[in-house]
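Visitor: One file: protein33.tsv (TSV, C-alpha atoms and all ligand atoms).
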```tsv
chain	number	residue	atom	x	y	z
A	1	MET	CA	35.25	-6.45	46.46
A	2	ILE	CA	34.83	-2.84	47.50
A	3	LYS	CA	31.49	-2.16	49.19
A	4	ASP	CA	30.76	1.42	48.19
A	5	ARG	CA	32.13	1.17	44.67
A	6	GLU	CA	30.89	4.55	43.38
A	7	LYS	CA	32.13	6.51	46.36
A	8	TRP	CA	35.50	4.77	46.24
A	9	LEU	CA	35.88	5.55	42.54
A	10	GLU	CA	34.83	9.16	43.00
A	11	HIS	CA	37.38	9.66	45.77
A	12	ALA	CA	40.14	7.91	43.83
A	13	SER	CA	39.42	9.96	40.72
A	14	GLN	CA	39.64	13.24	42.65
A	15	LYS	CA	42.81	12.11	44.37
A	16	ILE	CA	44.85	11.13	41.30
A	17	LYS	CA	43.00	13.22	38.68
A	18	VAL	CA	42.28	10.26	36.42
A	19	PRO	CA	38.78	9.48	35.01
A	20	GLN	CA	36.79	6.97	37.05
A	21	GLU	CA	36.39	4.51	34.18
A	22	LEU	CA	40.18	4.22	33.83
A	23	ILE	CA	40.61	3.61	37.54
A	24	ALA	CA	37.79	1.04	37.48
A	25	LYS	CA	39.62	-0.78	34.69
A	26	ALA	CA	43.02	-0.64	36.39
A	27	PHE	CA	41.65	-1.83	39.75
A	28	LYS	CA	39.02	-4.23	38.40
A	29	ASP	CA	40.10	-7.20	40.50
A	30	GLU	CA	40.13	-5.24	43.75
A	31	ILE	CA	36.83	-3.47	43.03
A	32	ASP	CA	34.75	-6.27	41.53
A	33	GLY	CA	36.70	-9.44	42.28
A	34	THR	CA	37.32	-11.39	45.46
A	35	PRO	CA	41.06	-11.14	46.14
A	36	ALA	CA	42.48	-13.15	49.04
A	37	MET	CA	42.89	-11.12	52.23
A	38	ASP	CA	46.66	-11.72	52.06
A	39	ALA	CA	47.02	-10.77	48.36
A	40	PRO	CA	48.99	-7.54	47.81
A	41	LEU	CA	46.63	-4.59	48.02
A	42	GLU	CA	47.19	-1.85	45.48
A	43	ILE	CA	45.66	1.62	45.74
A	44	PRO	CA	45.55	4.55	43.30
A	45	ASP	CA	48.22	7.11	44.12
A	46	ILE	CA	49.98	10.00	42.47
A	47	MET	CA	53.58	11.11	42.37
A	48	ASP	CA	54.66	14.69	41.67
A	49	ILE	CA	58.33	14.99	41.03
A	50	THR	CA	60.34	18.17	40.94
A	51	TYR	CA	64.07	17.96	40.55
A	52	LYS	CA	67.21	19.78	39.53
A	53	TYR	CA	68.28	18.84	36.03
A	54	SER	CA	72.02	19.15	35.58
A	55	TYR	CA	73.64	20.07	32.28
A	56	GLY	CA	76.91	18.74	33.64
A	57	GLY	CA	79.91	19.33	31.41
A	58	ILE	CA	77.98	21.31	28.81
A	59	SER	CA	76.69	23.86	31.34
A	60	ARG	CA	78.71	26.68	29.77
A	61	PHE	CA	76.81	26.28	26.49
A	62	PHE	CA	73.55	27.15	28.26
A	63	ARG	CA	75.04	29.92	30.45
A	64	GLU	CA	76.51	31.62	27.38
A	65	LEU	CA	73.12	31.44	25.69
A	66	ARG	CA	71.25	32.76	28.69
A	67	ASP	CA	73.68	35.40	29.97
A	68	ASN	CA	75.61	36.53	26.90
A	69	ARG	CA	73.48	35.69	23.85
A	70	ARG	CA	76.37	33.68	22.50
A	71	LEU	CA	76.42	30.30	20.80
A	72	TYR	CA	79.28	28.01	21.76
A	73	GLY	CA	80.47	24.76	20.28
A	74	SER	CA	83.17	22.43	21.53
A	75	LYS	CA	86.34	21.77	19.58
A	76	CYS	CA	88.23	18.52	19.86
A	77	THR	CA	91.76	19.14	21.18
A	78	HIS	CA	93.05	16.22	19.09
A	79	CYS	CA	91.29	16.14	15.70
A	80	GLY	CA	89.90	19.68	15.71
A	81	LYS	CA	86.32	18.73	14.92
A	82	VAL	CA	83.85	21.32	16.23
A	83	TRP	CA	80.74	19.84	17.82
A	84	LEU	CA	77.35	21.48	18.08
A	85	PRO	CA	75.48	20.45	20.17
A	86	PRO	CA	78.66	20.47	22.24
A	87	ARG	CA	80.32	17.34	23.59
A	88	ILE	CA	82.77	17.30	26.48
A	89	ASN	CA	84.69	14.59	24.66
A	90	CYS	CA	85.00	14.15	20.92
A	91	ASN	CA	82.56	11.51	19.69
A	92	GLU	CA	85.11	10.30	17.17
A	93	CYS	CA	88.47	10.23	18.94
A	94	TYR	CA	87.33	10.66	22.58
A	95	ALA	CA	89.83	13.44	23.28
A	96	PRO	CA	88.62	16.28	25.51
A	97	THR	CA	87.18	19.35	23.81
A	98	GLU	CA	87.53	23.07	24.43
A	99	TRP	CA	84.93	25.79	24.06
A	100	VAL	CA	84.81	27.88	20.88
A	101	GLU	CA	82.42	30.68	20.03
A	102	LEU	CA	80.47	30.06	16.84
A	103	GLY	CA	79.16	32.44	14.21
A	104	GLU	CA	75.71	33.96	13.94
A	105	THR	CA	74.90	32.49	10.56
A	106	ALA	CA	74.00	28.99	9.47
A	107	GLU	CA	72.91	27.10	6.39
A	108	VAL	CA	69.82	24.89	6.14
A	109	VAL	CA	70.86	21.34	5.27
A	110	THR	CA	67.43	19.71	5.50
A	111	TYR	CA	64.12	20.65	7.03
A	112	THR	CA	60.53	19.71	7.74
A	113	VAL	CA	57.42	21.71	8.57
A	114	VAL	CA	55.93	21.38	12.06
A	115	TYR	CA	52.14	21.54	12.27
A	116	TYR	CA	51.76	20.14	15.79
A	117	GLY	CA	54.19	21.90	18.09
A	118	THR	CA	55.14	21.32	21.69
A	119	SER	CA	54.25	23.84	24.37
A	120	THR	CA	57.17	26.27	23.89
A	121	PHE	CA	56.31	27.10	20.28
A	122	TYR	CA	52.71	26.00	20.19
A	123	ASP	CA	51.49	29.40	19.01
A	124	ARG	CA	54.01	29.45	16.16
A	125	VAL	CA	52.74	26.55	14.04
A	126	PRO	CA	53.23	25.96	11.19
A	127	TYR	CA	56.96	26.56	11.39
A	128	VAL	CA	60.08	25.06	9.94
A	129	CYS	CA	62.33	22.75	11.91
A	130	ALA	CA	65.70	22.22	10.28
A	131	PHE	CA	69.10	20.70	10.59
A	132	VAL	CA	71.43	23.64	10.14
A	133	LYS	CA	75.18	23.89	9.82
A	134	VAL	CA	76.30	26.79	11.95
A	135	GLU	CA	79.27	28.89	10.84
A	136	GLY	CA	82.30	27.41	12.59
A	137	ALA	CA	80.71	24.04	13.46
A	138	ASP	CA	81.38	20.72	11.74
A	139	THR	CA	78.17	19.01	12.83
A	140	LEU	CA	74.51	19.82	12.38
A	141	ILE	CA	72.08	21.06	14.98
A	142	MET	CA	68.31	20.85	14.85
A	143	GLN	CA	66.60	24.17	15.49
A	144	ASN	CA	63.45	26.00	14.51
A	145	ILE	CA	63.39	28.51	11.71
A	146	PHE	CA	60.73	31.19	11.73
A	147	LEU	CA	59.67	32.56	8.38
A	148	LYS	CA	56.95	34.91	7.23
A	149	ASP	CA	55.79	32.08	4.99
A	150	ILE	CA	56.86	28.43	5.34
A	151	LYS	CA	57.06	28.25	1.53
A	152	MET	CA	60.20	30.39	1.79
A	153	ALA	CA	62.07	27.42	3.27
A	154	LYS	CA	64.64	25.77	1.08
A	155	VAL	CA	67.73	23.65	1.42
A	156	GLY	CA	70.83	25.83	1.26
A	157	MET	CA	69.12	28.96	2.56
A	158	LYS	CA	71.19	31.18	4.79
A	159	VAL	CA	69.81	31.88	8.22
A	160	LYS	CA	70.99	33.82	11.24
A	161	ILE	CA	70.54	33.28	14.93
A	162	GLN	CA	67.94	35.14	16.94
A	163	PHE	CA	67.82	35.01	20.72
A	164	LYS	CA	64.71	34.98	22.83
A	165	GLU	CA	64.34	38.16	24.88
A	166	GLN	CA	63.70	36.32	28.16
A	167	ARG	CA	66.17	33.45	28.07
A	168	ASN	CA	66.00	30.51	30.47
A	169	GLY	CA	69.12	28.54	29.63
A	170	ASP	CA	67.52	25.93	27.39
A	171	MET	CA	67.29	25.05	23.71
A	172	GLY	CA	64.23	27.28	23.31
A	173	ASP	CA	66.46	30.33	23.92
A	174	PHE	CA	67.35	30.66	20.26
A	175	TRP	CA	66.14	29.94	16.76
A	176	TYR	CA	66.97	31.01	13.24
A	177	VAL	CA	65.49	33.48	10.80
A	178	PRO	CA	66.47	34.27	7.19
A	179	ALA	CA	69.86	35.99	7.04
A	180	ASP	CA	68.65	38.53	4.51
A	181	GLY	CA	66.53	40.24	7.14
A	182	VAL	CA	63.11	39.08	5.94
A	183	TYR	CA	61.80	37.52	9.08
A	184	ASP	CA	59.10	37.41	11.68
A	185	ASN	CA	60.09	39.09	14.89
A	186	VAL	CA	59.15	36.50	17.48
B	1	ZN	ZN	88.38	14.36	17.85
```
If you convert what's in this file into structure tokens, what do you get?

Guide:
Amino acid sequence: MIKDREKWLEHASQKIKVPQELIAKAFKDEIDGTPAMDAPLEIPDIMDITYKYSYGGISRFFRELRDNRRLYGSKCTHCGKVWLPPRINCNECYAPTEWVELGETAEVVTYTVVYYGTSTFYDRVPYVCAFVKVEGADTLIMQNIFLKDIKMAKVGMKVKIQFKEQRNGDMGDFWYVPADGVYDNV
């Protein structure tokens, strides 16, 4: 039992930025119960983690995007299948792959409309998210397609790549717009 319950909760809430009622629930036994003096004591705490995320063997894909506005796939040295997203080894025959530059155009194979976006494209909703087959690739990649009107979206439509002006080396660095030039400049 914690003597100054309110003060303890207030302090804990400020410390870990969680509402008091949730902390009260999570620490009910310690706050309101009578745990044995030797029972493990748990306290509210917070962990901020920053770290380096490594792209490992597919690093070149992201550097080409960021530095050269180029889209690269990986081609199997044994069966010739071109993977996008790239794989360092072929998913089918496990042979190593080599980098190949892909085309600017793609075809929409299937799509959906996003009404609740994540932070990167939050201000773009509603937008189309599609599996597209990029010129030169044998697999599909999921990317966003920005249209003046989402009703323009259709299976089989031709789209072309557009790169973000300020690229960071991540999947948000590019998207697709209609190949015929009718598009929103994002
Ligand atoms: Zn292969």

Visitor: Restricting the calculation to all atoms listed in the file, which member of A:Thr105, A:Thr110, A:Asn89, A:Asn144 is positioned closest to ligand ZN 1 (chain B)?

Guide: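 Comparing A:Thr105, A:Thr110, A:Asn89, A:Asn144 against ligand ZN 1 (chain B), the winner is A:Asn89.
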
Visitor: Fewer than 4 positions away in the same chain doesn't count, so skip those; otherwise give me all residues within 9 Å of stretch 35-39 of chain A, counting only C-alpha atoms, as a VMD selection string.

Guide: chain A and resid 1 29 to 30

Visitor: Could I get the residue neighbourhood of ligand ZN 1 (chain B) at 6 Å, counting all atoms listed in the file, as a count of residues only?

Guide: 9

Visitor: With distances taken over only C-alpha atoms, which of A:Val18, A:Val134, A:Leu71, A:Ile150 is nearest to A:Phe174?

Guide: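 The shortest atom-to-atom distance to A:Phe174 comes from A:Leu71.
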
Visitor: Report, in Å with one decimal, the straight-line distance from atom CA of A:Ala130 to atom CA of A:Val108.

Guide: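 According to the coordinates, atom CA of A:Ala130 and atom CA of A:Val108 are separated by 6.4 Å.
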
Visitor: Just give me the gap between atom CA of A:Arg60 and atom CA of A:Glu101 in Å, one decimal is fine.

Guide: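 Result for atom CA of A:Arg60 versus atom CA of A:Glu101: 11.2 Å, one decimal.
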
Visitor: Need the shell around A:Glu21: protein/DNA/RNA residues with any atom at most 12 Å away, counting only C-alpha atoms. Skip same-chain ones fewer than 6 positions apart. Format as a ChimeraX atom specification?

Guide: /A:5-6,9-10,12-13,27-28,31

Visitor: How far is it from atom CA of A:Met47 to atom CA of A:Leu22, in Å with one decimal?

Guide: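 Atom CA of A:Met47 sits 17.3 Å away from atom CA of A:Leu22.
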